[in-house]
Every structure is written in structure tokens, then in C-alpha cells.
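Following: one structure in C-alpha cells, then a few remarks.
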Amino acid sequence: MTDTVATQPRPQKKASRWPYLIPLVAVLALGGVFAKRLLDVERGVEVNALPTVLLDTPVPAFDLEPLPGHAQGLKNEDLKGQVYLINFWGSWCVTCLYEHPVLLKVAAAGDIPIYGVAWRDTPEKSLAWLAERGDPYARSGQDPNSKAAIAFGVAQAPESFLVDAQGIIRYKQAGPISMQDWQTKIQPLAAMLKAQQKQ
Amino acid sequence: MSIEFIEIGHFALALALMVAMAQAIIPLVGAGRGNAAMMAVAKPAALMQLVLVLTAFIALIHAFVTSDFSVTGVYNNSHTAKPLLYKIAGTWGNHEGSLVLWVTILAIFGGSVAAFGNNLPPALKARALAVQGMISVGFIAFILFTSNPFLRILPAPSEGMGLNPQLQDPGLAIHPPMLYFGYVGFSMAFSFAVAALIEGRVDATWARWVRPWTLAAWTFLTMGIGLGSWWAYYTLGWGGWWYWDPVENASFIPWLTGTALLHSAIVVEKREALKSWTILLAIVTFSLSLLGTFLVRSGVLTSVHAFASDPTRGVFILVLLAIAIGGSFTLYAIRAPHLQGGGLFAPISREGGLLINNLLLTTAAATVLLGTLYPLITEVLSSNKISVGPPYFDGVFVPLMIPLIILMGIGPRLAWKRGDLGAALSRIKIAALASVAMMALSLVMNGAAKFTDIGGAFGLGMATWLALSTASEWIDRVKLTKGGAWQRITNLPRAAHGMTIAHFGMAVLIAGVSGAGAWKQEHIQTMAPGQSVEIAGYTMTFEGVKMIKGPNYDAGQATITATKGGDFVATMHPELRSYIQPPQQTTFTSIHTTFFADLYAALGEAQGAEGAFVTRFYYQPLIPFLWYGVLLMAFGGLVSLTDRRLRVGAPQRATPAGAMPAPEPAAAE
């Protein structure tokens with residue numbers, strides 16, 4: 001009988017339970033990895049290393065419808081001659097909630113205008129979101145079908161681009177802008193670009 | 001606005017969610033209490049659910065066919081200029097619609113068990129359908145709350161966004177339904193496994209009920225993967241047929257474990273052994289099918305996909321998976337140790353062979369899974385970005401397949417319990433010799449200059465081995481050379497014929513893989529009109545490109561004349577298509593097949609103003625065998641499904657439900 005490989009009938013002997021836990025443990029470990037990845041995505045950690053190929057190149061052309069009740073939409077031609085931040089967001093986007101107070105403060109400080117792109121959203125939801133939380137955007141455009149988002153290579157919301165007076169993209173932030181990001185990276189760069197503009 | 005069909009569909013789906021909840025809870029409680037009336041709810045609930053989900057699905061198809069762009073799913077994925085076939089296929093050519101297809105197939109399987117499973121013990125049937133109901137609840141809720149294609153846009157846009165042109169292809173129109181029938185079909189094995197765990201018993205009759213569902217799912221999945229591969233072969237324009245990319249792997253991993261399940265269920269049925277292993281495989285296979293859906297949909301692996309940008313979906317699916325997979329494995333950890341083991345067997349026996357088959361197949365599945373998830377795992381744990389490519393997969397997968405193929409030739413000849421290896425081997429001497437002869441022949445004919453020549457020769461030898469040993473086993477079994485063979489052929493169970501056909505199909509497939517892998521030739525060049533190139537003895541003359549108009553695209557269509565030794569062979573018309581909505585270019589290859597080899601032409605970009613174009617020519621020996629092999633394997637599955645034993649009157653259980661079966665006597669030594 002030493003050469004048998006079968007599970008034997010052993011009604012009286014207590015079988016070890018531990019091997020039967022292996023699949024559960026393996027699944028939980030894998031689930032943990034997936035959960036962390038999703039959190040990373042949600043926090044805006046750059047997954048899959050998408051380098052900003054657009055850096056130091058002209059902004060892609062866009063011409064977006066205004067939100068209902070707003071006079072102006074967003075058109076790259078109209079925004080030329082100023083340093084600005086363009087921000088892709090959606091009312092469905094959880095991380096945008098974290099970024100939103102920062103944008104409100106930046107807008108109130110008035111260094112540079114922020115233009116909002118309501119991405120993959122309905123105008124009603126976008127308007128309700130802005131009405132409830134405050135509107136930091138000098139102008140807003142709708143991008144329900146990712147036209148502009150694809151042109152900009154936006155992989156997830158929020159994503160923001162700092163554009164100079166010549167319409168060249170100078171900085172890309174994938175994921176939410178924190179107050180620290182603003183103070184240490186974007187604001188100094190924007191100030192420099194504005195100074196260059198005056199020269 | 002009047003109530004239209006689409007609203008009825010939307011409402012039916014919401015109603016189906018309610019019915020699924022009832023189906024998930026009432027029969028389960030009933031089975032626990034032995035309440036026949038509560039258990040009986042399962043059948044009408046499953047049938048009702050089928051009617052409701054089908055209504056929703058048909059309503060969505062109707063909206064696509066009539067191009068009702070006020071429906072979000074239609075607006076985002078369709079266009080009036082699209083041919084009818086792709087309007088219909090567009091229904092499931094997107095995230096939301098494919099989920100509706102998913103739950104429709106789930107409801108079809110559930111409804112079939114309800115309608116045809118009258119010989120099932122009531123408690124097992126009630127529990128299995130309840131588990132099906134739980135899966136439905138999860139997925140219908142997922143559709144309604146995060147991915148609803150039935151929502152309206154007002155005012156309605158006048159034109160839709162169009163379907164990805166690469167998906168506008170007859171192969172891809174039927175590929176997802178096939179694949180989903182496979183994925184979702186494994187839910188039946190899963191539901192039966194979970195029901196058996198709740199019940200606490202697994203026996204031969206259980207395996208007999210599970211096998212046809214597994215077999216059907218396996219057959220569909222085989223066809224689905226084959227179609228996907230064929231599509232990649234003739235549309236991507238690079239002559240390849242398998243890229244080991246995550247989406248392909250996601251369907252291949254459950255195929256491997258599903259194949260293992262198919263074989264281990266035989267051991268449970270015949271010998272009452274490998275029970276908890278079989279249960280585990282049933283859970284694992286469906287879990288991997290769910291994981292396949294998750295990997296493709298959530299953007300965990302490919303975050304550049306647009307739907308990834310909505311994290312609520314990913315979180316929802318992850319929670320769904322955690323409940324389904326985590327829950328079933330918890331149940332497994334609690335209940336499986338108590339399952340009674342059955343018949344003993346010696347290592348060299350049919351059971352032993354099937355066990356090794358299972359180990360090899362699951363190891364192969366694990367290596368593919370590891371390679372697919374490894375970049376993700378390293379990135380999450382160390383933020384290093386790595387990629388795992390074909391060299392890894394070829395390197396680990398092929399060595400695992402070699403012992404499997406050798407075993408496939410021997411295993412079917414071993415007796416149950418205790419086989420005679422010497423006797424088995426003596427009968428397959430001819431197959432072994434022929435395979436060595438084939439290797440030698442290939443080395444002589446094709447040379448051994450390159451490693452691929454040796455690999456190709458070895459592959460052809462393996463194919464010969466498997467084909468001949470499979471055929472000879474069948475010949476011996478029906479004693480073809482003796483009188484009354486026809487009688488024995490017709491008396492042989494269909495399952496046995498099915499096995500022979502499927503194993504033979506595998507041999508044909510291996511020949512295709514080997515030939516295409518080792519002796520593919522390619523020529524990529526810029527050609528001016530009138531120029532010719534030689535490939536594998538064929539002269540390909542580029543006559544020029546003219547512009548043509550399709551229903552929803554413009555195309556440059558090349559004319560290429562293939563001749564061999566001055567004789568005309570074929571005129572080929574590869575195209576480079578520019579679709580209008582969405583604007584995108586696709587290649588449309590032209591393939592001339594000779595049954596043994598394909599001559600393959602693809603058109604690239606224009607070069608300069610003189611009418612010169614980039615052309616790509618491939619000569620692919622034996623690649624048609626790949627498709628023949630897939631068809632044979634799927635046909636083997638179908639033949640096996642018609643087995644009388646699976647179709648009618650599965651025998652009733654010997655012991656009353658609830659009682660523990662007596663342990664089998666130890667095998668006679």
C-alpha cells in the first residue's frame with residue numbers, strides 16, 4: 001500500500017485542515033495586490049508608466065462646448081497669450097474631491113486662471129457638483145466623449161496641464177494636485193513662465 | 001415620452017435583479033430546512049429570470065439595430081453607416097453591453113438546469129440554482145449601478161460615436177459570445193461544487209451531473225479562444241496568431257484548469273477519487289473566468305483603457321470577486337476536509353495518469369497566471385516596472401506540454417486502479433518509432449541549422465506521436481481489424497469517440513504550432529508597381545493600389561499576383577482601410593491557403609508619390625492545421641456531449657440525500 005497516491009477513506013482519523021486553507025490564503029493575497037493597485041489608480045499614482053510625451057509640445061487643438069448656462073466653452077485658440085492650468089475632472093471621480101479645495105484656493109489667489117474640462121460626465125452632474133462645492137474654473141468645457149482627453153493622453157482623472165503663453169505644455173500632473181504640489185512645483189513654474197512672458 | 005421597448009428592457013433587468021435575489025435566498029433556506037415548497041421556488045425563479053434578462057438583452061439589440069442614439073450604450077458604440085451585422089455585434093462590443101450578454105448567458109445556463117435538470121436531487125438542484133442566483137445578483141447589480149447601457153440621453157444625438165473598426169469583423173462578432181458561453185458555462189460547475197460543499201457530499205452521480213456542463217463550457221471556450229486567435233492572425237497583419245497578451249491569457253488560463261476539471265471529474269465519476277481536488281478545480285476555473293472578466297474590465301492591468309478611469313467599477317468588481325471567490329474558498333476550507341475519499345489506485349493506472357495530467361495542466365495554468373500578473377505584483381510591491389513577454393511563456397509553457405503530450409498517448413491505454421505500463425508501451429511502439437522517424441525526416445528535409453529547425457522537428461514528432469497513439473488506441477479498442485468492428489464502433493460510448501477526436505485534434509494543432517513557429521518566412525519591403533519579390537518559391541508581383549469605398553470606410557486596395565514557377569497561383573487584395581467614424585486605420589489582410597500552408601499578404605503605408613507602398617508577405621507552413629485542430633477539439637467535445645450517459649437518466653443516488661455514503665472498499669490488490 002505504500003505506493004498508493006489516493007486519499008484514503010479514514011472516517012475516524014482527523015484530516016489536517018491546513019492544506020485546504022491554501023487556496024483561500026492565495027486568493028486573499030492576490031486580492032490585496034489588486035486592492036492596492038486600485039487604490040493607487042484612485043490616488044492617481046502613475047500606473048503603467050505613461051511618460052508625458054506632450055511635455056514641451058504645443059497643446060492639442062480643442063474646442064469644447066460650454067456647460068449649460070455658461071457663456072463660453074473652451075477653445076485652445078482663445079486661451080493663447082496667457083499662462084494657465086487646464087484640469088480634467090469628473091463628478092464620478094472620487095480623487096477630484098480631494099483636489100477640489102486646492103483648486104478653489106488657487107483660483108481665489110488669482111495667480112493663473114484654471115480651466116476645467118468636465119470629462120466623461122453629463123452637464124447636469126457637472127453643474128450640480130460645481131454648485132455644491134464651488135466653481136474654481138475661469139471657464140469650463142464639456143468633454144463627454146473623451147475627445148480632448150484622448151488628445152491630451154489623459155489616463156485618469158484628475159489630470160492637469162500647465163500651459164504657457166505660447167500654448168506649450170510645460171508641466172503635467174497625473175492625479176490630484178495637493179497644496180504642496182502647487183506651492184513647490186506648479187506655482188514657481190507658473191511664476192517663472194509669467195516672468196518670461198513679460199520680457 | 002412614450003414607454004419604448006428599451007425602457008421595458010431596462011425595467012426587465014431591474015426586475016431580474018429582484019427575481020435573482022429571491023432565487024439566491026429562498027431555495028437555499030428551503031434546502032437547509034428540507035422545505036420542498038421553498039426549494040421548488042428555484043425552478044420558476046430561474047426560468048423567470050431567463051425571460052426577463054432575455055427581454056433586456058433583446059431590447060438592447062433592438063436599440064442598436066434601430067440606431068436609437070438616445071440610448072447611451074448605442075450612442076457610444078454605434079453609427080448609422082455600420083453594416084447590420086456590426087450593429088448587432090456592437091451590442092456586446094463594449095463594456096456595458098458585454099456584461100448584459102454575460103448575464104444573459106448566465107440566465108440561459110440557469111434556465112437550462114431548471115428546465116432539464118428534473119433528475120437532479122431536489123436539494124442539490126435548489127442549492128446550485130441558488131448559487132447561480134447569487135452570481136446573477138452580483139452582475140446585474142454591477143450593470144445597473146455602474147455600467148448601465150439603458151440610460152437615455154436627452155435630447156438624442158443625431159449620430160453615434162461608432163464602433164472600434166478592429167471589432168468590425170465577422171470573427172469578432174461571434175468571438176465574445178463563444179468566449180462568454182465558455183466562461184459563464186463554468187459557473188455551472190462552480191454552482192454545483194458550492195452546492196456539494198454546502199451539502200457536504202460529492203459522489204459519482206454528482207460528477208455525472210457536472211460533466212456535461214463542464215464539457216459544454218469547455219467546447220465553447222475552445223472555440224472562443226480559437227476564434228480570437230484566428231481574428232488576431234488575419235486582422236492584425238503581422239502573421240502572428242498568439243501574443244501571450246493579458247487579454248488572451250485571461251481566457252487561456254481558465255481553459256487550462258477547465259481541461260483539468262474535465263479530466264478529474266471522470267475520476268470522480270468512475271472511481272470516487274480526487275473529490276476535493278475536483279471541487280477545488282471547479283471553483284478555481286470559474287474564479288479564473290471571473291478574474292478574466294475583471295482583468296479585462298477593471299483596467300488593473302491595462303490602465304490606458306478608458307473605462308479604467310472610473311474607479312468605482314474596479315472597486316465594485318473587486319468586491320464582487322472577493323465575495324464570490326473568497327466566500328467559496330472559505331466554504332472549501334471548512335467543508336472539503338470532511339469529504340470522503342474513494343477508491344484507491346496505484347500510481348500507474350488511469351487515475352494516476354489523469355492525476356499527472358491535472359498536475360501538468362494546473363502547473364501550466366499557474367505559470368501563465370504568474371507571468372500575466374507578475375508585472376502588476378512587482379509594480380505594486382516595489383514600484384519596479386517590468387514586462388513579461390513571449391520568451392518567458394514559451395520557455396516555461398512548452399516544457400510542461402511535452403510530458404503532457406507523451407502522457408496523452410499512454411494514459412488512455414492504462415486500466416483503472418492498476419495499469420500495466422509494459423503492455424501499454426508495447427502497443428504504442430509503432431507510434432513512438434513513427435514519431436522518431438518524423439523528427440529525422442524533418443531534420444533531413446528542413447536541415448538542422450537553426451534552433452527553430454530542431455524545435456520544429458521535435459514538434460512534428462510530438463504531433464505524430466499523439467496522432468498515431470490516439471488513433472491506435474481507438475483501433476485497438478474497437479478491434480477494427482476483426483469481424484463485427486462496426487458493431488463495436490457504434491456500441492462504444494460517444495464519450496470515448498469524443499476523447500479520440502479531441503486528442504487527435506490536439507495532435508493536429510501541435511503540428512500547426514510547430515510548423516508556423518519554426519518555418520514561417522516573412523518579407524517586408526517597399527514596392528513600386530510592377531516590382532516582384534520571391535518568398536518560399538512564390539513570386540509576388542505588386543500591381544498597384546487603387547482607392548475603393550466600403551460602407552463606412554475608404555480603403556487603398558492593392559492587387560498582388562502570386563505565381564509559382566511561372567504558373568498563376570492567386571490574385572490577392574490586401575487593404576488598408578480608413579474608417580470614417582471613429583477615424584481609425586485597420587489592415588485587411590489577404591490570405592491564400594493551400595490546406596497545408598498559407599500565403600499571407602498585408603498592405604502598409606504609402607511611400608512617396610510614385611505609387612510605392614510597404615508590403616508584408618508571410619509564408620506560413622502548416623498554420624491551417626492550427627484551425628483544423630481547434631475545430632476537431634471542439635467537435636470532440638460536442639460528440640462527447642451527445643453521450644447517452646450524460647443525456648438521459650443519470651442514475652439516482654444509491655443512498656438517500658443527507659446520508660453519508662459508505663466508504664468504498666479498498667481496491668483489490
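Here's how to read the names in the C-alpha cells: chain A, B, ... by the order shown, residue numbers from 1 in each chain, ligand numbers from 1 in the order shown.
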
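Surrounding stretch 67-75 of chain A within 6 Å are Phe62, Asp63, Leu64, Glu65, Glu77, Asp78, Pro123, Ser140 and Gly141 of chain A, with only C-alpha atoms counted and residues fewer than 2 positions along the same chain left out.
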
Surrounding residues of stretch 18-24 of chain A excluding itself and chain neighbours under 4 positions, 9 Å, only C-alpha atoms, as a PDB file with N, CA and C atoms, in the first residue's frame:
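In the end it all went to part_37.pdb:
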```
ATOM      1  N   LEU A  28      -6.672  35.645  -1.027  1.00  0.00           N
ATOM      2  CA  LEU A  28      -6.656  36.873  -0.229  1.00  0.00           C
ATOM      3  C   LEU A  28      -5.424  37.707  -0.558  1.00  0.00           C
ATOM      4  N   ALA A  29      -4.276  37.025  -0.737  1.00  0.00           N
ATOM      5  CA  ALA A  29      -3.047  37.753  -1.065  1.00  0.00           C
ATOM      6  C   ALA A  29      -3.207  38.466  -2.398  1.00  0.00           C
TER       7      ALA A  29
ATOM      8  N   LEU B 280     -12.190  21.725  -5.931  1.00  0.00           N
ATOM      9  CA  LEU B 280     -11.285  22.870  -5.966  1.00  0.00           C
ATOM     10  C   LEU B 280     -11.124  23.381  -7.400  1.00  0.00           C
ATOM     11  N   VAL B 284     -11.867  26.988  -8.815  1.00  0.00           N
ATOM     12  CA  VAL B 284     -10.742  27.730  -9.393  1.00  0.00           C
ATOM     13  C   VAL B 284     -11.058  28.148 -10.834  1.00  0.00           C
ATOM     14  N   ILE B 325     -15.209  34.555  -4.763  1.00  0.00           N
ATOM     15  CA  ILE B 325     -14.064  33.645  -4.701  1.00  0.00           C
ATOM     16  C   ILE B 325     -13.671  33.403  -3.254  1.00  0.00           C
ATOM     17  N   GLY B 326     -13.537  34.499  -2.486  1.00  0.00           N
ATOM     18  CA  GLY B 326     -13.191  34.349  -1.078  1.00  0.00           C
ATOM     19  C   GLY B 326     -14.213  33.499  -0.346  1.00  0.00           C
ATOM     20  N   GLY B 327     -15.496  33.753  -0.622  1.00  0.00           N
ATOM     21  CA  GLY B 327     -16.560  33.005   0.046  1.00  0.00           C
ATOM     22  C   GLY B 327     -16.495  31.528  -0.276  1.00  0.00           C
ATOM     23  N   SER B 328     -16.307  31.215  -1.574  1.00  0.00           N
ATOM     24  CA  SER B 328     -16.318  29.794  -1.939  1.00  0.00           C
ATOM     25  C   SER B 328     -15.089  29.075  -1.400  1.00  0.00           C
ATOM     26  N   PHE B 329     -13.944  29.770  -1.342  1.00  0.00           N
ATOM     27  CA  PHE B 329     -12.752  29.118  -0.791  1.00  0.00           C
ATOM     28  C   PHE B 329     -12.842  28.968   0.731  1.00  0.00           C
ATOM     29  N   THR B 330     -13.538  29.903   1.369  1.00  0.00           N
ATOM     30  CA  THR B 330     -13.761  29.747   2.806  1.00  0.00           C
ATOM     31  C   THR B 330     -14.610  28.504   3.057  1.00  0.00           C
ATOM     32  N   TYR B 332     -14.835  26.035   1.114  1.00  0.00           N
ATOM     33  CA  TYR B 332     -13.988  24.890   0.772  1.00  0.00           C
ATOM     34  C   TYR B 332     -13.096  24.518   1.951  1.00  0.00           C
ATOM     35  N   ALA B 333     -12.494  25.541   2.588  1.00  0.00           N
ATOM     36  CA  ALA B 333     -11.593  25.277   3.713  1.00  0.00           C
ATOM     37  C   ALA B 333     -12.336  24.613   4.864  1.00  0.00           C
ATOM     38  N   ILE B 334     -13.618  24.978   5.019  1.00  0.00           N
ATOM     39  CA  ILE B 334     -14.398  24.408   6.124  1.00  0.00           C
ATOM     40  C   ILE B 334     -14.868  23.003   5.791  1.00  0.00           C
ATOM     41  N   ARG B 335     -15.387  22.822   4.577  1.00  0.00           N
ATOM     42  CA  ARG B 335     -16.074  21.579   4.272  1.00  0.00           C
ATOM     43  C   ARG B 335     -15.228  20.499   3.606  1.00  0.00           C
ATOM     44  N   ALA B 336     -14.269  20.913   2.758  1.00  0.00           N
ATOM     45  CA  ALA B 336     -13.541  19.917   1.973  1.00  0.00           C
ATOM     46  C   ALA B 336     -12.832  18.853   2.817  1.00  0.00           C
ATOM     47  N   PRO B 337     -12.281  19.198   4.014  1.00  0.00           N
ATOM     48  CA  PRO B 337     -11.600  18.151   4.782  1.00  0.00           C
ATOM     49  C   PRO B 337     -12.527  16.994   5.146  1.00  0.00           C
TER      50      PRO B 337
END
```

Report task. From a DSSP pass on the backbone, collect the residues of stretch 512-658 of chain B flagged as strand (DSSP E or B) and hand them back as a ChimeraX atom specification. Result -> /B:521-527,532-535,538-549,553-564,567-572,575-579,584-588,590-593,597-607,612-621

Residues of the last selection are to be written out with C-alpha atoms, as a compact mmCIF listing (two decimals), in the first residue's frame.
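New file result-v1.txt:
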```txt
# COMPACT_ATOMS: atom_id res chain seq x y z
CA GLN B 521 9.06 33.21 -43.65
CA GLU B 522 8.50 36.93 -43.89
CA HIS B 523 9.38 39.62 -46.37
CA ILE B 524 8.73 43.29 -45.57
CA GLN B 525 9.66 45.78 -48.26
CA THR B 526 8.69 48.91 -50.16
CA MET B 527 7.43 48.03 -53.62
CA SER B 532 8.28 41.44 -57.61
CA VAL B 533 9.75 39.60 -54.65
CA GLU B 534 10.33 35.90 -54.00
CA ILE B 535 9.02 34.17 -50.90
CA TYR B 538 6.37 32.11 -54.84
CA THR B 539 6.83 35.24 -56.89
CA MET B 540 4.74 38.10 -55.55
CA THR B 541 4.15 40.89 -58.06
CA PHE B 542 2.81 44.19 -56.80
CA GLU B 543 0.45 45.60 -59.46
CA GLY B 544 -0.50 48.79 -57.62
CA VAL B 545 -3.07 50.25 -55.27
CA LYS B 546 -6.47 51.69 -56.12
CA MET B 547 -8.89 53.52 -53.85
CA ILE B 548 -12.19 51.81 -53.07
CA LYS B 549 -15.19 52.77 -50.92
CA TYR B 553 -14.64 53.25 -44.75
CA ASP B 554 -12.33 54.22 -47.58
CA ALA B 555 -9.57 51.83 -48.47
CA GLY B 556 -6.47 51.52 -50.52
CA GLN B 557 -6.72 48.12 -52.15
CA ALA B 558 -3.59 46.50 -53.53
CA THR B 559 -3.51 43.94 -56.29
CA ILE B 560 -0.79 41.36 -55.87
CA THR B 561 -0.33 38.41 -58.19
CA ALA B 562 1.26 35.29 -56.78
CA THR B 563 2.89 32.87 -59.22
CA LYS B 564 4.96 29.76 -58.70
CA ASP B 567 2.18 29.36 -63.12
CA PHE B 568 -0.55 31.59 -61.77
CA VAL B 569 -1.48 30.81 -58.15
CA ALA B 570 -3.68 33.61 -56.85
CA THR B 571 -4.58 37.27 -57.03
CA MET B 572 -4.50 38.85 -53.60
CA GLU B 575 -6.38 46.59 -48.00
CA LEU B 576 -5.51 49.43 -45.73
CA ARG B 577 -8.85 50.75 -44.51
CA SER B 578 -9.56 54.19 -43.10
CA TYR B 579 -12.79 54.15 -41.15
CA GLN B 584 -9.02 54.82 -37.49
CA GLN B 585 -6.92 52.73 -39.84
CA THR B 586 -7.02 48.96 -39.96
CA THR B 587 -5.34 46.38 -42.11
CA PHE B 588 -7.35 43.86 -44.06
CA SER B 590 -5.40 38.69 -47.89
CA ILE B 591 -4.70 35.02 -47.31
CA HIS B 592 -4.35 32.30 -49.92
CA THR B 593 -4.45 28.87 -48.33
CA ALA B 597 0.24 26.39 -45.83
CA ASP B 598 -0.91 30.00 -46.01
CA LEU B 599 0.41 32.71 -48.25
CA TYR B 600 -0.36 35.92 -46.41
CA ALA B 601 -0.21 39.49 -47.70
CA ALA B 602 -0.72 42.77 -45.84
CA LEU B 603 -0.56 46.33 -47.12
CA GLY B 604 1.28 49.08 -45.24
CA GLU B 605 1.66 52.82 -45.70
CA ALA B 606 2.25 54.63 -48.98
CA GLN B 607 5.89 55.56 -49.59
CA ALA B 612 5.03 52.74 -53.91
CA PHE B 613 3.74 51.01 -50.77
CA VAL B 614 5.11 48.97 -47.91
CA THR B 615 4.02 45.35 -48.33
CA ARG B 616 4.35 42.47 -45.92
CA PHE B 617 4.34 38.89 -47.16
CA TYR B 618 4.37 35.80 -44.99
CA TYR B 619 4.62 32.16 -45.87
CA GLN B 620 3.20 30.13 -43.03
CA PRO B 621 3.56 26.35 -43.41
```

Query raised in the report: atom CA of B:Val113 and atom CA of B:Lys125, how far apart in Å?
Result: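 Going from atom CA of B:Lys125 over to atom CA of B:Val113, I get 8.0 Å.
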
Requested in this report: Write down as a count of residues only the residues of chain A whose backbone DSSP state falls under helix (DSSP H, G or I).
Outcome: 83

Requested in this report: Name the closest residue to chain B among the candidates A:Ser146, A:Gln196, A:Asn76, A:Thr57; distances are taken between atoms, counting only C-alpha atoms.
Outcome: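 Result for the nearest residue to chain B: A:Ser146.
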
Query raised in the report: Which residues come within 9 Å of B:Thr72, counting only C-alpha atoms, excluding same-chain residues fewer than 6 positions away, as a list of chain:residue names?
Result: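 In the requested form, the answer reads B:Asn148, B:Pro149, B:Phe150, B:Leu151, B:Arg152, B:Ile153.
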
Next, dump the selected residues to file, keeping only N, CA and C atoms, as a compact mmCIF listing (two decimals), in the first residue's frame.
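Result file result.txt:
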```txt
# COMPACT_ATOMS: atom_id res chain seq x y z
N ASN B 148 -24.52 51.02 -16.85
CA ASN B 148 -25.86 50.84 -17.40
C ASN B 148 -25.96 51.33 -18.84
N PRO B 149 -26.15 50.41 -19.80
CA PRO B 149 -26.26 50.87 -21.19
C PRO B 149 -27.65 51.36 -21.56
N PHE B 150 -28.63 51.21 -20.63
CA PHE B 150 -30.01 51.55 -20.96
C PHE B 150 -30.35 53.02 -20.70
N LEU B 151 -29.43 53.76 -20.10
CA LEU B 151 -29.74 55.15 -19.75
C LEU B 151 -29.99 55.96 -21.02
N ARG B 152 -30.81 57.01 -20.86
CA ARG B 152 -31.17 57.83 -22.01
C ARG B 152 -30.37 59.12 -22.03
N ILE B 153 -30.13 59.62 -23.23
CA ILE B 153 -29.55 60.95 -23.39
C ILE B 153 -30.65 61.82 -23.99
```
